[in-house]
file upload31.pdb (PDB, C-alpha atoms)
ATOM      1  CA  MET A   1      93.065  -4.088 -85.170
ATOM      2  CA  ALA A   2      89.384  -4.802 -84.565
ATOM      3  CA  ARG A   3      88.370  -2.814 -87.635
ATOM      4  CA  LEU A   4      90.924  -4.643 -89.784
ATOM      5  CA  ALA A   5      89.673  -7.995 -88.544
ATOM      6  CA  VAL A   6      86.022  -7.242 -89.284
ATOM      7  CA  GLU A   7      86.869  -5.885 -92.736
ATOM      8  CA  ASP A   8      88.698  -9.153 -93.429
ATOM      9  CA  GLY A   9      85.601 -11.195 -92.519
ATOM     10  CA  ILE A  10      86.568 -12.153 -88.950
ATOM     11  CA  HIS A  11      83.744 -11.967 -86.389
ATOM     12  CA  THR A  12      85.237 -13.725 -83.330
ATOM     13  CA  MET A  13      88.721 -13.576 -81.807
ATOM     14  CA  VAL A  14      90.282 -15.193 -78.754
ATOM     15  CA  ALA A  15      92.431 -12.823 -76.725
ATOM     16  CA  SER A  16      95.459 -14.902 -75.773
ATOM     17  CA  PRO A  17      98.011 -12.974 -73.713
ATOM     18  CA  HIS A  18     101.022 -14.920 -72.511
ATOM     19  CA  LEU A  19     100.492 -16.583 -69.135
ATOM     20  CA  PHE A  20     103.538 -14.720 -67.837
ATOM     21  CA  LYS A  21     103.849 -11.022 -68.623
ATOM     22  CA  HIS A  22     107.398 -11.250 -69.977
ATOM     23  CA  ARG A  23     107.029 -14.775 -71.441
ATOM     24  CA  SER A  24     109.725 -16.300 -69.205
ATOM     25  CA  VAL A  25     108.334 -18.481 -66.420
ATOM     26  CA  ASN A  26     108.082 -16.185 -63.402
ATOM     27  CA  LEU A  27     105.385 -16.861 -60.831
ATOM     28  CA  ALA A  28     105.521 -13.213 -59.732
ATOM     29  CA  GLU A  29     104.476 -12.057 -63.217
ATOM     30  CA  ILE A  30     101.290 -14.001 -63.938
ATOM     31  CA  ASN A  31      98.581 -12.449 -66.081
ATOM     32  CA  GLN A  32      95.750 -13.055 -63.647
ATOM     33  CA  LYS A  33      92.382 -14.304 -64.940
ATOM     34  CA  ASP A  34      90.392 -11.465 -63.386
ATOM     35  CA  GLU A  35      92.815  -8.946 -64.886
ATOM     36  CA  ILE A  36      92.345 -10.450 -68.363
ATOM     37  CA  LEU A  37      88.547 -10.489 -67.952
ATOM     38  CA  ASN A  38      88.519  -6.859 -66.858
ATOM     39  CA  LYS A  39      90.515  -5.835 -69.928
ATOM     40  CA  ILE A  40      88.209  -7.800 -72.213
ATOM     41  CA  THR A  41      85.148  -6.209 -70.623
ATOM     42  CA  GLU A  42      86.628  -2.732 -71.131
ATOM     43  CA  PHE A  43      87.505  -3.517 -74.732
ATOM     44  CA  LYS A  44      84.049  -4.925 -75.469
ATOM     45  CA  GLN A  45      82.551  -1.641 -74.316
ATOM     46  CA  LYS A  46      84.868   0.269 -76.661
ATOM     47  CA  LEU A  47      83.844  -2.015 -79.535
ATOM     48  CA  LEU A  48      80.190  -1.375 -78.735
ATOM     49  CA  THR A  49      80.727   2.382 -78.627
ATOM     50  CA  ALA A  50      82.578   2.284 -81.954
ATOM     51  CA  ALA A  51      79.923   0.006 -83.507
ATOM     52  CA  ILE A  52      82.504  -2.666 -84.370
ATOM     53  CA  ASP A  53      80.820  -6.067 -84.547
ATOM     54  CA  LEU A  54      83.584  -8.277 -83.144
ATOM     55  CA  GLU A  55      83.267 -10.846 -80.362
ATOM     56  CA  ILE A  56      86.258 -11.171 -78.005
ATOM     57  CA  LEU A  57      86.724 -14.323 -75.915
ATOM     58  CA  PRO A  58      89.269 -15.107 -73.176
ATOM     59  CA  GLY A  59      92.255 -17.414 -73.508
ATOM     60  CA  CYS A  60      96.000 -17.442 -72.930
ATOM     61  CA  ASP A  61      99.276 -18.563 -74.466
ATOM     62  CA  PHE A  62     100.329 -21.393 -72.163
ATOM     63  CA  PRO A  63     104.097 -22.034 -71.971
ATOM     64  CA  LEU A  64     105.390 -25.589 -71.829
ATOM     65  CA  SER A  65     106.494 -25.979 -68.199
ATOM     66  CA  PHE A  66     105.598 -27.870 -65.040
ATOM     67  CA  GLU A  67     105.112 -24.544 -63.221
ATOM     68  CA  SER A  68     102.399 -23.650 -65.727
ATOM     69  CA  LEU A  69     100.742 -27.029 -65.153
ATOM     70  CA  GLN A  70     100.578 -26.304 -61.440
ATOM     71  CA  LEU A  71      98.846 -22.972 -62.111
ATOM     72  CA  LEU A  72      96.367 -24.727 -64.394
ATOM     73  CA  GLU A  73      95.557 -27.269 -61.698
ATOM     74  CA  GLU A  74      94.959 -24.367 -59.301
ATOM     75  CA  GLY A  75      92.400 -22.872 -61.713
ATOM     76  CA  ARG A  76      94.546 -19.816 -62.487
ATOM     77  CA  VAL A  77      94.840 -20.316 -66.249
ATOM     78  CA  PHE A  78      92.364 -19.547 -69.035
ATOM     79  CA  THR A  79      91.628 -22.384 -71.385
ATOM     80  CA  ILE A  80      90.044 -21.207 -74.640
ATOM     81  CA  ASN A  81      86.810 -19.408 -73.795
ATOM     82  CA  ASP A  82      87.225 -20.807 -70.270
ATOM     83  CA  ALA A  83      85.583 -24.023 -71.527
ATOM     84  CA  LYS A  84      88.255 -26.229 -69.884
ATOM     85  CA  ARG A  85      88.612 -28.330 -73.012
ATOM     86  CA  TYR A  86      91.336 -26.753 -75.216
ATOM     87  CA  LEU A  87      94.521 -24.835 -74.432
ATOM     88  CA  LEU A  88      96.993 -22.940 -76.631
ATOM     89  CA  LEU A  89     100.371 -24.541 -75.904
ATOM     90  CA  GLU A  90     103.545 -22.633 -76.807
ATOM     91  CA  PHE A  91     106.926 -24.355 -76.979
ATOM     92  CA  PRO A  92     110.252 -22.693 -76.155
ATOM     93  CA  ASP A  93     111.552 -20.928 -79.266
ATOM     94  CA  SER A  94     114.560 -23.119 -79.947
ATOM     95  CA  SER A  95     114.128 -26.343 -77.978
ATOM     96  CA  LEU A  96     111.790 -29.275 -77.563
ATOM     97  CA  PRO A  97     112.248 -30.341 -73.926
ATOM     98  CA  PRO A  98     112.284 -34.067 -73.022
ATOM     99  CA  ALA A  99     109.203 -33.432 -70.856
ATOM    100  CA  THR A 100     107.098 -32.294 -73.838
ATOM    101  CA  GLU A 101     105.178 -35.538 -74.301
ATOM    102  CA  ASP A 102     104.706 -35.946 -70.545
ATOM    103  CA  ILE A 103     103.227 -32.450 -70.218
ATOM    104  CA  CYS A 104     100.904 -33.071 -73.177
ATOM    105  CA  PHE A 105      99.789 -36.343 -71.573
ATOM    106  CA  ARG A 106      99.143 -34.628 -68.236
ATOM    107  CA  LEU A 107      97.019 -31.972 -69.935
ATOM    108  CA  GLN A 108      94.971 -34.642 -71.683
ATOM    109  CA  SER A 109      94.536 -36.559 -68.425
ATOM    110  CA  GLN A 110      92.713 -33.433 -67.191
ATOM    111  CA  GLY A 111      90.444 -33.522 -70.239
ATOM    112  CA  ILE A 112      92.303 -30.679 -71.977
ATOM    113  CA  THR A 113      93.504 -30.960 -75.567
ATOM    114  CA  PRO A 114      96.744 -29.046 -76.226
ATOM    115  CA  ILE A 115      96.781 -26.909 -79.382
ATOM    116  CA  ILE A 116     100.396 -26.451 -80.489
ATOM    117  CA  THR A 117     100.789 -22.878 -81.671
ATOM    118  CA  HIS A 118     102.808 -21.888 -84.760
ATOM    119  CA  PRO A 119     104.800 -25.154 -85.098
ATOM    120  CA  GLU A 120     106.013 -23.927 -88.502
ATOM    121  CA  ARG A 121     108.059 -21.222 -86.754
ATOM    122  CA  HIS A 122     109.733 -23.600 -84.293
ATOM    123  CA  PHE A 123     113.341 -24.323 -85.295
ATOM    124  CA  ILE A 124     113.332 -28.024 -84.386
ATOM    125  CA  LEU A 125     109.927 -28.752 -85.916
ATOM    126  CA  GLN A 126     111.037 -26.967 -89.087
ATOM    127  CA  GLU A 127     113.919 -29.412 -89.422
ATOM    128  CA  MET A 128     112.041 -32.465 -88.154
ATOM    129  CA  PRO A 129     108.302 -32.100 -88.853
ATOM    130  CA  LYS A 130     107.837 -35.773 -87.976
ATOM    131  CA  LYS A 131     108.214 -34.729 -84.338
ATOM    132  CA  LEU A 132     105.039 -32.686 -84.781
ATOM    133  CA  GLY A 133     103.373 -35.736 -86.314
ATOM    134  CA  ARG A 134     104.287 -37.716 -83.207
ATOM    135  CA  LEU A 135     102.585 -35.146 -80.954
ATOM    136  CA  LEU A 136      99.490 -35.183 -83.145
ATOM    137  CA  ASP A 137      99.406 -38.973 -82.846
ATOM    138  CA  LEU A 138      99.299 -38.435 -79.077
ATOM    139  CA  GLY A 139      96.120 -36.332 -79.451
ATOM    140  CA  CYS A 140      97.426 -32.777 -79.787
ATOM    141  CA  LEU A 141      96.145 -30.335 -82.408
ATOM    142  CA  ALA A 142      98.209 -27.833 -84.398
ATOM    143  CA  GLN A 143      97.497 -24.190 -85.253
ATOM    144  CA  LEU A 144      99.373 -22.442 -88.054
ATOM    145  CA  THR A 145      99.835 -18.671 -88.327
ATOM    146  CA  GLY A 146      98.250 -17.298 -91.495
ATOM    147  CA  ALA A 147     101.147 -14.966 -92.312
ATOM    148  CA  SER A 148     103.538 -17.917 -92.178
ATOM    149  CA  LEU A 149     101.756 -19.414 -95.158
ATOM    150  CA  THR A 150     101.877 -16.216 -97.206
ATOM    151  CA  GLY A 151     105.539 -15.335 -96.676
ATOM    152  CA  GLY A 152     105.242 -12.954 -93.755
ATOM    153  CA  PHE A 153     107.950 -14.819 -91.844
ATOM    154  CA  GLY A 154     110.205 -15.580 -94.794
ATOM    155  CA  ARG A 155     110.591 -18.255 -97.451
ATOM    156  CA  GLN A 156     111.766 -21.032 -95.132
ATOM    157  CA  VAL A 157     108.749 -20.695 -92.854
ATOM    158  CA  ALA A 158     106.421 -20.501 -95.871
ATOM    159  CA  ARG A 159     107.946 -23.699 -97.294
ATOM    160  CA  VAL A 160     107.570 -25.555 -93.984
ATOM    161  CA  SER A 161     104.012 -24.240 -93.589
ATOM    162  CA  ARG A 162     103.003 -25.621 -96.976
ATOM    163  CA  GLU A 163     104.657 -28.944 -96.200
ATOM    164  CA  MET A 164     102.793 -29.233 -92.886
ATOM    165  CA  MET A 165      99.549 -28.342 -94.629
ATOM    166  CA  ARG A 166     100.019 -30.995 -97.310
ATOM    167  CA  LYS A 167     100.893 -33.630 -94.695
ATOM    168  CA  GLY A 168      97.597 -32.942 -92.904
ATOM    169  CA  TYR A 169      99.325 -31.743 -89.747
ATOM    170  CA  ILE A 170      97.367 -28.485 -89.426
ATOM    171  CA  HIS A 171      93.891 -28.211 -87.881
ATOM    172  CA  LEU A 172      93.545 -24.456 -87.374
ATOM    173  CA  LEU A 173      94.562 -21.282 -89.167
ATOM    174  CA  ALA A 174      94.919 -18.203 -86.949
ATOM    175  CA  SER A 175      96.138 -14.632 -87.300
ATOM    176  CA  ASP A 176      98.345 -14.580 -84.168
ATOM    177  CA  ALA A 177      97.831 -10.830 -84.427
ATOM    178  CA  HIS A 178      99.998  -8.400 -82.450
ATOM    179  CA  ASP A 179      99.455  -5.045 -84.163
ATOM    180  CA  THR A 180      98.090  -3.332 -87.282
ATOM    181  CA  LYS A 181     101.288  -3.335 -89.358
ATOM    182  CA  ARG A 182     103.735  -6.193 -88.856
ATOM    183  CA  ARG A 183     101.309  -8.762 -87.390
ATOM    184  CA  PRO A 184      97.785  -7.666 -88.409
ATOM    185  CA  PRO A 185      94.597  -9.666 -87.700
ATOM    186  CA  LEU A 186      94.064 -10.899 -91.262
ATOM    187  CA  LEU A 187      93.252 -14.366 -92.617
ATOM    188  CA  ARG A 188      91.650 -14.016 -96.053
ATOM    189  CA  LYS A 189      94.915 -14.211 -98.016
ATOM    190  CA  ALA A 190      96.138 -17.194 -95.995
ATOM    191  CA  LEU A 191      92.795 -18.941 -96.446
ATOM    192  CA  LYS A 192      93.153 -18.627-100.213
ATOM    193  CA  GLU A 193      96.650 -20.134-100.070
ATOM    194  CA  ALA A 194      95.479 -22.958 -97.797
ATOM    195  CA  SER A 195      92.605 -23.713-100.214
ATOM    196  CA  SER A 196      95.117 -24.220-103.023
ATOM    197  CA  LEU A 197      96.980 -26.756-100.857
ATOM    198  CA  VAL A 198      94.250 -28.802 -99.165
ATOM    199  CA  GLY A 199      91.056 -27.797-100.941
ATOM    200  CA  LYS A 200      88.507 -25.098-100.175
ATOM    201  CA  GLU A 201      86.328 -27.157 -97.826
ATOM    202  CA  GLN A 202      89.167 -28.302 -95.569
ATOM    203  CA  ALA A 203      90.787 -24.869 -95.531
ATOM    204  CA  LEU A 204      87.500 -23.174 -94.669
ATOM    205  CA  ALA A 205      86.994 -25.604 -91.788
ATOM    206  CA  MET A 206      90.282 -24.387 -90.300
ATOM    207  CA  VAL A 207      88.795 -20.913 -89.776
ATOM    208  CA  THR A 208      85.132 -21.812 -89.157
ATOM    209  CA  VAL A 209      84.028 -25.326 -88.159
ATOM    210  CA  ASN A 210      87.139 -26.305 -86.212
ATOM    211  CA  PRO A 211      87.562 -23.102 -84.162
ATOM    212  CA  GLU A 212      83.817 -22.997 -83.474
ATOM    213  CA  LYS A 213      84.026 -26.499 -82.012
ATOM    214  CA  ILE A 214      86.953 -25.433 -79.828
ATOM    215  CA  ILE A 215      85.278 -22.239 -78.632
ATOM    216  CA  ARG A 216      82.200 -24.228 -77.614
ATOM    217  CA  GLY A 217      84.330 -26.799 -75.799
ATOM    218  CA  GLU A 218      83.008 -29.640 -77.925
ATOM    219  CA  PRO A 219      84.929 -32.936 -78.294
ATOM    220  CA  TRP A 220      87.209 -33.001 -81.323
ATOM    221  CA  PHE A 221      86.291 -36.546 -82.346
TER     222      PHE A 221
END

call {"tool": "encode", "arguments": {"input": "upload31.pdb", "output": "structure tokens"}}
result
Amino acid sequence: MARLAVEDGIHTMVASPHLFKHRSVNLAEINQKDEILNKITEFKQKLLTAAIDLEILPGCDFPLSFESLQLLEEGRVFTINDAKRYLLLEFPDSSLPPATEDICFRLQSQGITPIITHPERHFILQEMPKKLGRLLDLGCLAQLTGASLTGGFGRQVARVSREMMRKGYIHLLASDAHDTKRRPPLLRKALKEASSLVGKEQALAMVTVNPEKIIRGEPWF
């Protein structure tokens, strides 16, 4: 995966394991921060040995729940690059709980901006993208999966992805990579598609300027 990423022009990736090992909220199955750091340290050494020039930074996929909020308040959750400014927020696959806006507000009250991951693949947001617009109005950001834009998740997801792009709902383009075949760490093709929708400068910012700002923990506005 690292070799594929570098060949595609990627030089920095955020490792974002799910907060809970089996995704469902279970306080007995937390991916501990020290465990994640140890794995990243081991992997960095392997990259060095293999002469693969790829930077790996810590993060996590944060599920929308009050239990997760409690863990964050206890300092047991990785924000992006541990900068305590941005957090990848994942919604339940097929619902948008009534507490969504409240949880987003509580994150922001701690100085953390929620980044909504792959909204184009969420069933409710596909049908009602204005609900995503509402969350963006409240100060959230949105990150779209590159393969969604290029048809990797089917025509419906590709259509919604393009619509969200044109509406200006998307701030970041990410690989959401899981493996070398079905979900590879590639962005070049998606960047080309995004450029045709919003222009080259804005599309390029989604994979350079904007993520760099987030990694450094700089204010969005």

call {"tool": "resolve_selection", "arguments": {"input": "upload31.pdb", "expression": "the PyMOL selection byres ((chain A and resi 92) around 12)", "output": "PDB file with C-alpha atoms, keeping the file's coordinate frame"}}
result
ATOM      1  CA  ARG A  23     107.029 -14.775 -71.441  1.00  0.00           C
ATOM      2  CA  SER A  24     109.725 -16.300 -69.205  1.00  0.00           C
ATOM      3  CA  VAL A  25     108.334 -18.481 -66.420  1.00  0.00           C
ATOM      4  CA  ASP A  61      99.276 -18.563 -74.466  1.00  0.00           C
ATOM      5  CA  PHE A  62     100.329 -21.393 -72.163  1.00  0.00           C
ATOM      6  CA  PRO A  63     104.097 -22.034 -71.971  1.00  0.00           C
ATOM      7  CA  LEU A  64     105.390 -25.589 -71.829  1.00  0.00           C
ATOM      8  CA  SER A  65     106.494 -25.979 -68.199  1.00  0.00           C
ATOM      9  CA  LEU A  89     100.371 -24.541 -75.904  1.00  0.00           C
ATOM     10  CA  GLU A  90     103.545 -22.633 -76.807  1.00  0.00           C
ATOM     11  CA  PHE A  91     106.926 -24.355 -76.979  1.00  0.00           C
ATOM     12  CA  ASP A  93     111.552 -20.928 -79.266  1.00  0.00           C
ATOM     13  CA  SER A  94     114.560 -23.119 -79.947  1.00  0.00           C
ATOM     14  CA  SER A  95     114.128 -26.343 -77.978  1.00  0.00           C
ATOM     15  CA  LEU A  96     111.790 -29.275 -77.563  1.00  0.00           C
ATOM     16  CA  PRO A  97     112.248 -30.341 -73.926  1.00  0.00           C
ATOM     17  CA  PRO A  98     112.284 -34.067 -73.022  1.00  0.00           C
ATOM     18  CA  THR A 100     107.098 -32.294 -73.838  1.00  0.00           C
ATOM     19  CA  ILE A 116     100.396 -26.451 -80.489  1.00  0.00           C
ATOM     20  CA  THR A 117     100.789 -22.878 -81.671  1.00  0.00           C
ATOM     21  CA  HIS A 118     102.808 -21.888 -84.760  1.00  0.00           C
ATOM     22  CA  PRO A 119     104.800 -25.154 -85.098  1.00  0.00           C
ATOM     23  CA  ARG A 121     108.059 -21.222 -86.754  1.00  0.00           C
ATOM     24  CA  HIS A 122     109.733 -23.600 -84.293  1.00  0.00           C
ATOM     25  CA  PHE A 123     113.341 -24.323 -85.295  1.00  0.00           C
ATOM     26  CA  ILE A 124     113.332 -28.024 -84.386  1.00  0.00           C
ATOM     27  CA  LEU A 125     109.927 -28.752 -85.916  1.00  0.00           C
TER      28      LEU A 125
END

call {"tool": "closest_atom_pairs", "arguments": {"input": "upload31.pdb", "of": "segment 67-159 of chain A", "to": "segment 29-33 of chain A", "cutoff": "8 Å", "atoms": "all atoms listed in the file", "output": "CSV"}}
result
residue,atom,partner,partner_atom,distance
A:Arg76,CA,A:Lys33,CA,6.4
A:Val77,CA,A:Lys33,CA,6.6
A:Phe78,CA,A:Lys33,CA,6.7

call {"tool": "resolve_selection", "arguments": {"input": "upload31.pdb", "expression": "the PyMOL selection byres ((chain A and resi 208-217) around 6)", "output": "PyMOL selection string"}}
result
chain A and resi 81+83+85+205-207+218

call {"tool": "write_last_selection", "arguments": {"input": "upload31.pdb", "atoms": "C-alpha atoms", "output": "mmCIF file, in the coordinates of the input"}}
result
data_model
loop_
_atom_site.group_PDB
_atom_site.id
_atom_site.type_symbol
_atom_site.label_atom_id
_atom_site.label_comp_id
_atom_site.auth_asym_id
_atom_site.auth_seq_id
_atom_site.Cartn_x
_atom_site.Cartn_y
_atom_site.Cartn_z
ATOM 1 C CA ASN A 81 86.810 -19.408 -73.795
ATOM 2 C CA ALA A 83 85.583 -24.023 -71.527
ATOM 3 C CA ARG A 85 88.612 -28.330 -73.012
ATOM 4 C CA ALA A 205 86.994 -25.604 -91.788
ATOM 5 C CA MET A 206 90.282 -24.387 -90.300
ATOM 6 C CA VAL A 207 88.795 -20.913 -89.776
ATOM 7 C CA GLU A 218 83.008 -29.640 -77.925
#

call {"tool": "resolve_selection", "arguments": {"input": "upload31.pdb", "expression": "the PyMOL selection byres ((chain A and resi 203) around 9)", "output": "MDAnalysis selection string"}}
result
chainID A and resid 171:173 191:202 204:207

call {"tool": "residues_around", "arguments": {"input": "upload31.pdb", "residues": "Thr150 of chain A", "least_positions_apart": "2", "cutoff": "8 Å", "atoms": "only C-alpha atoms", "output": "ChimeraX atom specification"}}
result
/A:146-148,152,158,189-190,193

call {"tool": "axis_aligned_box", "arguments": {"input": "upload31.pdb", "around": "segment 40-54 of chain A", "padding_each_side": "3 Å", "output": "AutoDock Vina command-line options"}}
result
--center_x 84.1 --center_y -2.9 --center_z -77.6 --size_x 14.3 --size_y 16.7 --size_z 19.9

call {"tool": "atom_distance", "arguments": {"input": "upload31.pdb", "atom1": "atom CA of Thr79 of chain A", "atom2": "atom CA of Leu136 of chain A"}}
result
19.1 Å

call {"tool": "closest_residue", "arguments": {"input": "upload31.pdb", "among": "A:Asp34, A:Asp102, A:Glu120, A:Asp53", "to": "Leu132 of chain A", "atoms": "only C-alpha atoms"}}
result
A:Glu120

call {"tool": "closest_residue", "arguments": {"input": "upload31.pdb", "among": "A:Glu127, A:Ile115, A:Ile103, A:Gly139", "to": "Gln156 of chain A", "atoms": "only C-alpha atoms"}}
result
A:Glu127

call {"tool": "atom_distance", "arguments": {"input": "upload31.pdb", "atom1": "atom CA of His11 of chain A", "atom2": "atom CA of Asp179 of chain A"}}
result
17.3 Å

call {"tool": "atom_distance", "arguments": {"input": "upload31.pdb", "atom1": "atom CA of Phe66 of chain A", "atom2": "atom CA of Ala177 of chain A"}}
result
27.0 Å

call {"tool": "residues_around", "arguments": {"input": "upload31.pdb", "residues": "Leu54 of chain A", "least_positions_apart": "6", "cutoff": "9 Å", "atoms": "only C-alpha atoms", "output": "list in words"}}
result
Ala2, Arg3, Ala5, Val6, Ile10, His11, Thr12, Met13, Lys44, Leu47 and Leu48 of chain A

call {"tool": "closest_residue", "arguments": {"input": "upload31.pdb", "among": "A:Leu57, A:Leu19, A:Leu149, A:Met164", "to": "Lys131 of chain A", "atoms": "only C-alpha atoms"}}
result
A:Met164

call {"tool": "closest_residue", "arguments": {"input": "upload31.pdb", "among": "A:Thr180, A:Arg188, A:Met1, A:Cys60", "to": "Lys21 of chain A", "atoms": "all atoms listed in the file"}}
result
A:Cys60

call {"tool": "closest_residue", "arguments": {"input": "upload31.pdb", "among": "A:Thr113, A:Glu101, A:Glu7, A:Arg155", "to": "Leu135 of chain A", "atoms": "only C-alpha atoms"}}
result
A:Glu101
